[in-house]
Amino acid sequence: MDTDRVADILRAAAAEEILPRFKSLKSHEISEKNPGDLVTVADQASEAFLTRELSAVIPGALIVGEEAHEEDTSALGQLAEADWAWIIDPVDGTHNFAHGVPRFAVIVALARRGETVQGWILDPVNDDLATVQRGAGAFLNDTRLRLGPTPPIKEMTGSLGRRQADRLRHQSGDVPKDFTRYRCVGLEYMDLAGGALDFARYGGKLMPWDHAAGVLMFDEAGGFAAITQDGRDYRPGDKRPGDVLLLAPDRPSWDRLKIIMP
């Protein structure tokens, strides 16, 4: 797959459909899919753009888009068996985008029979692009991403939901105390693969447009990611209710964090 061609498509979507609307949205251009779950005209226009352009790259490939899923959930059920599938998050971090916070991303992954083989995460504000190809490494712009030595657990910085973070703040012993949540998982994955974040725990629905590209990126940078319930690898085509995804610098730290954050 021509990585640069797909990168150009993401940048064009950002330039034409996303950035011109940033801090310029009218109230009628923002709505709720579900309580607290926003969608904007930028999400919809970006997904239409990406769907059209990526369909031309691999004709006949399945398209699994976040916004299209709201109208038709059938594509998600086909992901595990599809020869080729594009997985699209047209504006990751919509809440930030809609409120003028410059923390949002465009995420695209390419999957083959339910396994991610390539991924792209674009930070449109800073024009930073992270790319990954299975077996060939992860890159931020032209720099190879490789995790450094694993820090002690209590010195780690991670991404956690509020409930888990509050619980650990009141827990004594060898536990991390520095937590964040960007409300943009794409940028979190860029920082995980780059070493600015050491770990992350994601629960809920684990939708593939949020995690497919980022998990492969973290793996290729040298990290360890798995589902806590049974230790299996994350696969975007293998979605099970109640799954919790934990990412850590290596297997020993993953094992320790799993105990701390069941």
# chains A, B, ... in the order shown; residues from 1 in each chain; ligands from 1
$ residues_around --residues "Arg5 in chain A" --least-positions-apart "4" --cutoff "12 Å" --atoms "only C-alpha atoms" --output "number ranges by chain"
A: 1, 9-12, 53-54, 56-58, 120
$ select_by_dssp --residues "range 148-212 of chain A" --states "helix (DSSP H, G or I)" --output "PyMOL selection string"
chain A and resi 153-155+162-169+185-194+208-212
$ residues_around --residues "range 138-140 of chain A" --least-positions-apart "3" --cutoff "12 Å" --atoms "only C-alpha atoms" --output "PyMOL selection string"
chain A and resi 3+117-123+127-135+143-147+187+189-195+213-223
$ residues_around --residues "range 227-232 of chain A" --least-positions-apart "4" --cutoff "7 Å" --atoms "only C-alpha atoms" --output "PDB file with C-alpha atoms, in the first residue's frame"
ATOM      1  CA  ASP A 243     -13.346  -6.043  26.821  1.00  0.00           C
ATOM      2  CA  VAL A 244     -10.728  -3.843  28.488  1.00  0.00           C
ATOM      3  CA  LEU A 245      -7.611  -2.910  26.553  1.00  0.00           C
ATOM      4  CA  LEU A 246      -4.419  -2.239  28.496  1.00  0.00           C
ATOM      5  CA  LYS A 258      -3.268  -5.294  35.274  1.00  0.00           C
TER       6      LYS A 258
END
$ closest_residue --among "A:Ile153, A:Thr116, A:Ala136, A:Arg169" --to "His211 in chain A" --atoms "only C-alpha atoms"
A:Thr116
$ atom_distance --atom1 "CA of Asn34 in chain A" --atom2 "CA of Ala14 in chain A"
24.8 Å
$ closest_atom_pairs --of "range 7-82 of chain A" --to "range 93-105 of chain A" --cutoff "8 Å" --atoms "only C-alpha atoms" --output "Markdown table"
| residue | atom | partner | partner_atom | distance |
| --- | --- | --- | --- | --- |
| A:Phe22 | CA | A:Phe97 | CA | 6.6 |
| A:Lys23 | CA | A:Gly100 | CA | 5.1 |
| A:Leu25 | CA | A:Ala98 | CA | 7.2 |
| A:Ile30 | CA | A:Ala98 | CA | 7.2 |
| A:Asp37 | CA | A:His95 | CA | 7.6 |
| A:Leu38 | CA | A:His95 | CA | 6.2 |
| A:Val39 | CA | A:Thr94 | CA | 6.5 |
| A:Thr40 | CA | A:Ala98 | CA | 7.2 |
| A:Asp43 | CA | A:Thr94 | CA | 7.7 |
$ write_last_selection --atoms "C-alpha atoms" --output "PDB file, in the first residue's frame"
ATOM      1  CA  PHE A  22     -12.378  24.741  13.320  1.00  0.00           C
ATOM      2  CA  LYS A  23     -13.581  27.522  15.644  1.00  0.00           C
ATOM      3  CA  LEU A  25     -18.954  26.049  13.605  1.00  0.00           C
ATOM      4  CA  ILE A  30     -23.208  20.543  16.011  1.00  0.00           C
ATOM      5  CA  ASP A  37     -21.530  12.192  22.063  1.00  0.00           C
ATOM      6  CA  LEU A  38     -21.210  15.027  19.571  1.00  0.00           C
ATOM      7  CA  VAL A  39     -21.067  15.025  15.805  1.00  0.00           C
ATOM      8  CA  THR A  40     -20.403  18.028  13.563  1.00  0.00           C
ATOM      9  CA  ASP A  43     -17.106  14.823  10.920  1.00  0.00           C
TER      10      ASP A  43
END
$ select_by_dssp --residues "range 118-218 of chain A" --states "strand (DSSP E)" --output "list in words"
Gln118, Gly119, Trp120, Ile121, Leu122, Asp123, Asp128, Leu129, Ala130, Thr131, Val132, Gln133, Gly137, Ala138, Phe139, Leu140, Thr143, Arg144, Thr157, Gly158, Ser159, Asp178, Phe179, Thr180, Phe199, Ala200, Arg201 and Tyr202 of chain A
$ write_last_selection --atoms "C-alpha atoms" --output "short mmCIF file (atom, residue, chain, number, x, y, z; two decimals), in the first residue's frame"
data_model
loop_
_atom_site.label_atom_id
_atom_site.label_comp_id
_atom_site.auth_asym_id
_atom_site.auth_seq_id
_atom_site.Cartn_x
_atom_site.Cartn_y
_atom_site.Cartn_z
CA GLN A 118 -1.37 -0.35 8.31
CA GLY A 119 -2.40 2.81 10.10
CA TRP A 120 -2.28 6.59 9.85
CA ILE A 121 -2.95 9.21 12.54
CA LEU A 122 -2.86 12.87 11.55
CA ASP A 123 -2.69 15.80 13.95
CA ASP A 128 2.20 15.77 12.43
CA LEU A 129 1.58 12.38 10.87
CA ALA A 130 2.17 9.02 12.54
CA THR A 131 2.22 5.96 10.28
CA VAL A 132 2.65 2.27 10.86
CA GLN A 133 2.95 -0.90 8.82
CA GLY A 137 7.79 -0.14 12.24
CA ALA A 138 6.02 3.00 13.33
CA PHE A 139 7.05 6.52 12.38
CA LEU A 140 6.23 10.09 13.38
CA THR A 143 11.41 9.55 12.64
CA ARG A 144 11.21 5.91 13.72
CA THR A 157 2.31 8.72 33.25
CA GLY A 158 -0.79 7.21 31.72
CA SER A 159 -4.21 7.71 30.23
CA ASP A 178 0.20 10.90 37.09
CA PHE A 179 -2.84 10.56 34.83
CA THR A 180 -4.40 12.36 31.92
CA PHE A 199 0.42 3.33 29.62
CA ALA A 200 -3.28 3.52 28.88
CA ARG A 201 -6.42 1.65 29.85
CA TYR A 202 -9.47 1.72 27.61
#
$ closest_residue --among "A:Pro262, A:Gly173, A:Gly77, A:Pro151" --to "Arg240 in chain A" --atoms "only C-alpha atoms"
A:Gly77
$ decode --residues "range 40-64 of chain A" --atoms "N, CA and C atoms" --output "PDB file, in the first residue's frame"
ATOM      1  N   THR A  40     -20.330  16.737  14.251  1.00  0.00           N
ATOM      2  CA  THR A  40     -20.403  18.028  13.563  1.00  0.00           C
ATOM      3  C   THR A  40     -20.428  17.807  12.055  1.00  0.00           C
ATOM      4  N   VAL A  41     -20.712  18.884  11.339  1.00  0.00           N
ATOM      5  CA  VAL A  41     -20.685  18.797   9.874  1.00  0.00           C
ATOM      6  C   VAL A  41     -19.279  18.449   9.391  1.00  0.00           C
ATOM      7  N   ALA A  42     -18.253  18.802  10.159  1.00  0.00           N
ATOM      8  CA  ALA A  42     -16.887  18.459   9.777  1.00  0.00           C
ATOM      9  C   ALA A  42     -16.662  16.947   9.824  1.00  0.00           C
ATOM     10  N   ASP A  43     -17.199  16.288  10.848  1.00  0.00           N
ATOM     11  CA  ASP A  43     -17.106  14.823  10.920  1.00  0.00           C
ATOM     12  C   ASP A  43     -17.728  14.198   9.672  1.00  0.00           C
ATOM     13  N   GLN A  44     -18.910  14.649   9.342  1.00  0.00           N
ATOM     14  CA  GLN A  44     -19.653  14.057   8.229  1.00  0.00           C
ATOM     15  C   GLN A  44     -18.988  14.336   6.890  1.00  0.00           C
ATOM     16  N   ALA A  45     -18.531  15.577   6.693  1.00  0.00           N
ATOM     17  CA  ALA A  45     -17.887  15.921   5.429  1.00  0.00           C
ATOM     18  C   ALA A  45     -16.540  15.227   5.287  1.00  0.00           C
ATOM     19  N   SER A  46     -15.789  15.146   6.371  1.00  0.00           N
ATOM     20  CA  SER A  46     -14.493  14.465   6.331  1.00  0.00           C
ATOM     21  C   SER A  46     -14.660  12.981   6.027  1.00  0.00           C
ATOM     22  N   GLU A  47     -15.654  12.342   6.649  1.00  0.00           N
ATOM     23  CA  GLU A  47     -15.860  10.916   6.377  1.00  0.00           C
ATOM     24  C   GLU A  47     -16.290  10.682   4.931  1.00  0.00           C
ATOM     25  N   ALA A  48     -17.147  11.537   4.397  1.00  0.00           N
ATOM     26  CA  ALA A  48     -17.551  11.397   2.994  1.00  0.00           C
ATOM     27  C   ALA A  48     -16.337  11.542   2.074  1.00  0.00           C
ATOM     28  N   PHE A  49     -15.479  12.504   2.365  1.00  0.00           N
ATOM     29  CA  PHE A  49     -14.256  12.721   1.575  1.00  0.00           C
ATOM     30  C   PHE A  49     -13.345  11.497   1.650  1.00  0.00           C
ATOM     31  N   LEU A  50     -13.070  11.033   2.855  1.00  0.00           N
ATOM     32  CA  LEU A  50     -12.175   9.895   3.047  1.00  0.00           C
ATOM     33  C   LEU A  50     -12.750   8.636   2.415  1.00  0.00           C
ATOM     34  N   THR A  51     -14.041   8.415   2.562  1.00  0.00           N
ATOM     35  CA  THR A  51     -14.669   7.239   1.969  1.00  0.00           C
ATOM     36  C   THR A  51     -14.510   7.246   0.453  1.00  0.00           C
ATOM     37  N   ARG A  52     -14.762   8.373  -0.150  1.00  0.00           N
ATOM     38  CA  ARG A  52     -14.645   8.476  -1.608  1.00  0.00           C
ATOM     39  C   ARG A  52     -13.198   8.241  -2.069  1.00  0.00           C
ATOM     40  N   GLU A  53     -12.260   8.894  -1.442  1.00  0.00           N
ATOM     41  CA  GLU A  53     -10.867   8.810  -1.895  1.00  0.00           C
ATOM     42  C   GLU A  53     -10.233   7.454  -1.586  1.00  0.00           C
ATOM     43  N   LEU A  54     -10.506   6.897  -0.417  1.00  0.00           N
ATOM     44  CA  LEU A  54      -9.920   5.606  -0.060  1.00  0.00           C
ATOM     45  C   LEU A  54     -10.544   4.475  -0.872  1.00  0.00           C
ATOM     46  N   SER A  55     -11.808   4.612  -1.239  1.00  0.00           N
ATOM     47  CA  SER A  55     -12.448   3.604  -2.091  1.00  0.00           C
ATOM     48  C   SER A  55     -11.763   3.508  -3.446  1.00  0.00           C
ATOM     49  N   ALA A  56     -11.186   4.599  -3.892  1.00  0.00           N
ATOM     50  CA  ALA A  56     -10.464   4.591  -5.162  1.00  0.00           C
ATOM     51  C   ALA A  56      -9.090   3.932  -5.039  1.00  0.00           C
ATOM     52  N   VAL A  57      -8.543   3.920  -3.825  1.00  0.00           N
ATOM     53  CA  VAL A  57      -7.229   3.302  -3.607  1.00  0.00           C
ATOM     54  C   VAL A  57      -7.335   1.778  -3.679  1.00  0.00           C
ATOM     55  N   ILE A  58      -8.368   1.215  -3.033  1.00  0.00           N
ATOM     56  CA  ILE A  58      -8.627  -0.233  -3.090  1.00  0.00           C
ATOM     57  C   ILE A  58     -10.095  -0.419  -3.464  1.00  0.00           C
ATOM     58  N   PRO A  59     -10.394  -0.475  -4.744  1.00  0.00           N
ATOM     59  CA  PRO A  59     -11.798  -0.644  -5.148  1.00  0.00           C
ATOM     60  C   PRO A  59     -12.395  -1.916  -4.549  1.00  0.00           C
ATOM     61  N   GLY A  60     -13.590  -1.784  -4.020  1.00  0.00           N
ATOM     62  CA  GLY A  60     -14.281  -2.936  -3.442  1.00  0.00           C
ATOM     63  C   GLY A  60     -13.981  -3.188  -1.988  1.00  0.00           C
ATOM     64  N   ALA A  61     -13.047  -2.431  -1.404  1.00  0.00           N
ATOM     65  CA  ALA A  61     -12.731  -2.624   0.019  1.00  0.00           C
ATOM     66  C   ALA A  61     -13.918  -2.220   0.877  1.00  0.00           C
ATOM     67  N   LEU A  62     -14.110  -2.930   1.966  1.00  0.00           N
ATOM     68  CA  LEU A  62     -15.131  -2.570   2.952  1.00  0.00           C
ATOM     69  C   LEU A  62     -14.761  -1.240   3.599  1.00  0.00           C
ATOM     70  N   ILE A  63     -15.746  -0.412   3.831  1.00  0.00           N
ATOM     71  CA  ILE A  63     -15.544   0.849   4.548  1.00  0.00           C
ATOM     72  C   ILE A  63     -16.268   0.768   5.888  1.00  0.00           C
ATOM     73  N   VAL A  64     -15.518   0.943   6.968  1.00  0.00           N
ATOM     74  CA  VAL A  64     -16.091   0.970   8.305  1.00  0.00           C
ATOM     75  C   VAL A  64     -15.818   2.363   8.869  1.00  0.00           C
TER      76      VAL A  64
END
